[in-house]
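These notes concern the structure reproduced below.
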Amino acid sequence: MIRVEAAPFDPEAELAAFRAAQAPAGAIASFLGCVRGGGTEALILEHHPVLTAQAIHSFADGARQRFELLGLLIIHRFGRLAPAEPIVLVAAAALHRRPALQAVDYLMDLLKTEAPFWKREALSNEERWIEPHQADYAARDRWTAPIEEKTP
Amino acid sequence: MNAIAIFYGRLRECAGAERRSIALAAPVDLDAFRALVATDDPDLRDALSAPAVRIAVNDVLSPRGAEIIVRPGDEIAFMPPFSGG
């Protein structure tokens, strides 16, 4: 399931529902990204009304091709978020741990650099745009190797 | 007829607006369209021309470096580097 939405979500409830729907899965890996504290008053995320969801669906297709997955959950918010609020939840279910862990890693690398979001941080006296670091692009580029055969 | 330039992220701040409507009688290439969009604003023209800026034509993302022709009626999105997660 893929959702791009403004409304807050409850990551524990989302994960519980995801797990309940993945009966044969022996492995569920997940990543939750939250707004950092420490001076940030809010994180403002913009998205593209068409391209953002489309891009995330294509990342999910890529993850299913690369890794032997039973299920995927991606929730990404946009709008104005307060410190500690969840921004993104990615969960992958598989028979074994490695494809689940790798799929989450892969999807986060793509979400960071290839999903049409723009974010700015509101500090007490200014706002500043946040763009990916070189390390984020390097992390994404780890996955550009040709797709190997899935291993069961 | 017009073509519409739509600005996302910090490019919207550079442009001072979410969109600009540009009178267009015939197709033009992207360079010419950028010149029309930023006719009075060299800083905006530079910002729109940065290699990291991605372009979408009518809600279809163009591959990096693709040759883009803007036609009357098109909506051209100018998007700075993506930053999700």
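Ordering of the structure tokens sets the chain letters (A, B, ...), residue numbers begin anew at 1 in every chain, and ligands are numbered from 1 in the order given.
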
request  = Check every residue of chain B for an atom within 6 Å of chain A, counting only C-alpha atoms, and provide those that qualify as a PyMOL selection string.
outcome  = chain B and resi 9+82-85

message = Using only C-alpha atoms, which protein or nucleic acid residues come within 10 Å of Leu24 (chain B)? Drop anything in the same chain fewer than 2 positions from it, and give the result as a list in words.
response = Met1, Asn2, Ala3, Ile4, Ser21, Ile22, Ala26, Pro27, Val28, Phe33, Leu36, Val70, Arg71, Pro72, Gly73 and Asp74 of chain B

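For chain B, backbone-based DSSP assignment of alpha helix (DSSP H) covers Arg10, Leu11, Arg12, Glu13, Cys14, Ala15, Leu30, Asp31, Ala32, Phe33, Arg34, Ala35, Leu36, Val37, Pro42, Asp43, Leu44, Arg45, Asp46, Ala47, Leu48 and Ser49 of chain B.
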
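Our summary of the geometry notes that CA of Ala42 (chain A) is positioned 6.1 Å from CA of Glu121 (chain A).
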
task = Give me, please, the distance in Å between CA of Ala138 (chain A) and CA of Val4 (chain A), quoted to one decimal.
result = 25.3 Å

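Atom pair CA of Ala122 (chain A) / CA of Leu43 (chain A) has a distance of 6.1 Å (rounded to one decimal).
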
message = Taking only chain A into account, list the residues labelled strand (DSSP E or B) by DSSP (computed from the backbone), as number ranges by chain.
response = A: 2-5, 27-34, 42-47, 71-77, 79-81, 86-94, 117-122, 127-130

Written selection (N, CA and C atoms) as a tab-separated table (two decimals), in the first residue's frame:
chain	number	residue	atom	x	y	z
A	2	ILE	N	0.49	2.22	-0.81
A	2	ILE	CA	1.27	3.46	-0.91
A	2	ILE	C	0.34	4.63	-0.66
A	3	ARG	N	0.73	5.51	0.25
A	3	ARG	CA	-0.07	6.71	0.52
A	3	ARG	C	0.82	7.93	0.61
A	4	VAL	N	0.42	8.99	-0.07
A	4	VAL	CA	1.07	10.30	0.05
A	4	VAL	C	-0.01	11.23	0.55
A	5	GLU	N	0.14	11.73	1.76
A	5	GLU	CA	-1.00	12.43	2.36
A	5	GLU	C	-0.55	13.50	3.34
A	27	ALA	N	9.62	-12.26	7.94
A	27	ALA	CA	10.45	-11.08	8.21
A	27	ALA	C	9.70	-9.82	7.80
A	28	ILE	N	9.67	-8.87	8.71
A	28	ILE	CA	9.14	-7.55	8.38
A	28	ILE	C	10.17	-6.53	8.85
A	29	ALA	N	10.66	-5.72	7.90
A	29	ALA	CA	11.59	-4.65	8.24
A	29	ALA	C	10.89	-3.34	8.02
A	30	SER	N	11.25	-2.35	8.83
A	30	SER	CA	10.60	-1.05	8.65
A	30	SER	C	11.55	0.08	9.00
A	31	PHE	N	11.26	1.24	8.44
A	31	PHE	CA	11.98	2.47	8.77
A	31	PHE	C	10.96	3.56	9.00
A	32	LEU	N	11.16	4.32	10.07
A	32	LEU	CA	10.31	5.46	10.36
A	32	LEU	C	11.19	6.71	10.42
A	33	GLY	N	10.88	7.68	9.59
A	33	GLY	CA	11.60	8.96	9.62
A	33	GLY	C	10.73	10.01	10.27
A	34	CYS	N	11.32	10.76	11.21
A	34	CYS	CA	10.56	11.76	11.97
A	34	CYS	C	11.25	13.11	11.84
A	42	ALA	N	9.41	23.64	12.65
A	42	ALA	CA	8.54	22.85	11.78
A	42	ALA	C	9.32	22.46	10.54
A	43	LEU	N	8.86	21.38	9.91
A	43	LEU	CA	9.39	20.97	8.62
A	43	LEU	C	8.24	21.10	7.63
A	44	ILE	N	8.48	21.82	6.54
A	44	ILE	CA	7.41	22.02	5.57
A	44	ILE	C	7.77	21.24	4.31
A	45	LEU	N	6.93	20.29	3.97
A	45	LEU	CA	7.17	19.42	2.82
A	45	LEU	C	6.18	19.74	1.72
A	46	GLU	N	6.71	20.04	0.55
A	46	GLU	CA	5.85	20.22	-0.63
A	46	GLU	C	5.97	18.97	-1.49
A	47	HIS	N	4.94	18.71	-2.26
A	47	HIS	CA	5.01	17.60	-3.20
A	47	HIS	C	4.40	18.03	-4.52
A	71	GLY	N	5.08	-8.14	0.68
A	71	GLY	CA	4.25	-6.95	0.80
A	71	GLY	C	5.08	-5.71	1.05
A	72	LEU	N	4.49	-4.57	0.74
A	72	LEU	CA	5.18	-3.29	0.92
A	72	LEU	C	4.20	-2.26	1.47
A	73	LEU	N	4.70	-1.42	2.34
A	73	LEU	CA	3.91	-0.30	2.85
A	73	LEU	C	4.79	0.95	2.77
A	74	ILE	N	4.27	1.99	2.12
A	74	ILE	CA	4.98	3.27	2.07
A	74	ILE	C	3.98	4.37	2.38
A	75	ILE	N	4.24	5.12	3.42
A	75	ILE	CA	3.41	6.29	3.75
A	75	ILE	C	4.35	7.49	3.82
A	76	HIS	N	4.03	8.53	3.10
A	76	HIS	CA	4.86	9.74	3.12
A	76	HIS	C	3.95	10.95	3.25
A	77	ARG	N	4.26	11.80	4.22
A	77	ARG	CA	3.42	12.98	4.43
A	77	ARG	C	3.94	14.19	3.67
A	79	GLY	N	3.11	18.77	3.78
A	79	GLY	CA	2.49	19.80	4.61
A	79	GLY	C	3.43	20.24	5.71
A	80	ARG	N	2.87	20.86	6.74
A	80	ARG	CA	3.69	21.41	7.83
A	80	ARG	C	3.70	20.42	8.99
A	81	LEU	N	4.89	19.96	9.36
A	81	LEU	CA	5.03	18.92	10.38
A	81	LEU	C	5.81	19.48	11.58
A	86	PRO	N	6.03	11.84	12.69
A	86	PRO	CA	6.47	10.96	11.61
A	86	PRO	C	6.31	11.63	10.24
A	87	ILE	N	7.35	11.47	9.40
A	87	ILE	CA	7.30	11.96	8.02
A	87	ILE	C	7.02	10.80	7.07
A	88	VAL	N	7.79	9.73	7.27
A	88	VAL	CA	7.76	8.63	6.30
A	88	VAL	C	7.85	7.30	7.05
A	89	LEU	N	7.05	6.36	6.58
A	89	LEU	CA	7.13	4.98	7.09
A	89	LEU	C	7.25	4.06	5.89
A	90	VAL	N	8.29	3.23	5.91
A	90	VAL	CA	8.46	2.21	4.87
A	90	VAL	C	8.55	0.87	5.57
A	91	ALA	N	7.77	-0.09	5.12
A	91	ALA	CA	7.86	-1.45	5.69
A	91	ALA	C	7.82	-2.45	4.55
A	92	ALA	N	8.61	-3.50	4.69
A	92	ALA	CA	8.66	-4.55	3.68
A	92	ALA	C	8.54	-5.89	4.37
A	93	ALA	N	7.74	-6.76	3.79
A	93	ALA	CA	7.56	-8.12	4.31
A	93	ALA	C	8.13	-9.12	3.32
A	94	ALA	N	8.81	-10.12	3.85
A	94	ALA	CA	9.43	-11.15	3.01
A	94	ALA	C	9.47	-12.45	3.79
A	117	PHE	N	9.69	15.70	-3.72
A	117	PHE	CA	9.35	16.45	-2.50
A	117	PHE	C	10.37	17.57	-2.38
A	118	TRP	N	9.94	18.65	-1.74
A	118	TRP	CA	10.86	19.74	-1.43
A	118	TRP	C	10.60	20.10	0.01
A	119	LYS	N	11.66	20.18	0.78
A	119	LYS	CA	11.40	20.47	2.19
A	119	LYS	C	12.20	21.65	2.67
A	120	ARG	N	11.58	22.39	3.55
A	120	ARG	CA	12.29	23.48	4.19
A	120	ARG	C	12.02	23.41	5.68
A	121	GLU	N	13.03	23.91	6.38
A	121	GLU	CA	13.03	23.83	7.82
A	121	GLU	C	12.72	25.23	8.34
A	122	ALA	N	11.74	25.33	9.22
A	122	ALA	CA	11.45	26.61	9.86
A	122	ALA	C	12.19	26.64	11.18
A	127	GLU	N	13.82	30.52	7.58
A	127	GLU	CA	13.47	29.24	6.96
A	127	GLU	C	14.56	28.90	5.98
A	128	ARG	N	14.90	27.61	5.89
A	128	ARG	CA	15.91	27.26	4.90
A	128	ARG	C	15.53	25.96	4.19
A	129	TRP	N	15.84	25.93	2.89
A	129	TRP	CA	15.55	24.75	2.09
A	129	TRP	C	16.56	23.66	2.40
A	130	ILE	N	16.11	22.44	2.41
A	130	ILE	CA	17.00	21.30	2.67
A	130	ILE	C	17.09	20.48	1.38

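Those residues that approach Ala66 (chain B) to within 12 Å, counting only C-alpha atoms, are B:Asp29, B:Leu30, B:Pro51, B:Arg54, B:Ile55, B:Ala56, B:Val57, B:Leu61, B:Ser62; same-chain residues fewer than 4 positions away are not listed.
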
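Taking only C-alpha atoms, the non-local environment of Leu70 (chain A) within 12 Å (same-chain residues fewer than 4 positions away omitted) comprises A:Met1, A:Phe18, A:Arg19, A:Ala21, A:Gln22, A:Ala23, A:Pro24, A:Ala25, A:Gly26, A:Ala27, A:Ile28, A:Ala29, A:Ala63, A:Arg64, A:Gln65, A:Ala91, A:Ala92, A:Ala93, A:Ala94, A:Leu95, A:His96, A:Arg97, A:Pro99, A:Ala100, A:Ala103, A:Pro152.
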
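Considering only C-alpha atoms, the residue among B:Ala32, B:Leu48, B:Ala38, B:Pro81 positioned nearest to Ile69 (chain B) is B:Ala32.
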
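Of the listed residues (A:Glu41, A:Ala139, A:Asp105, A:Ala7), A:Glu41 comes nearest to Asn125 (chain A); the distances count only C-alpha atoms.
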
note = Of A:Ala84, A:Ala53, A:Arg140, A:Leu101, the one sitting nearest Gly39 (chain A) when using only C-alpha atoms is A:Ala84
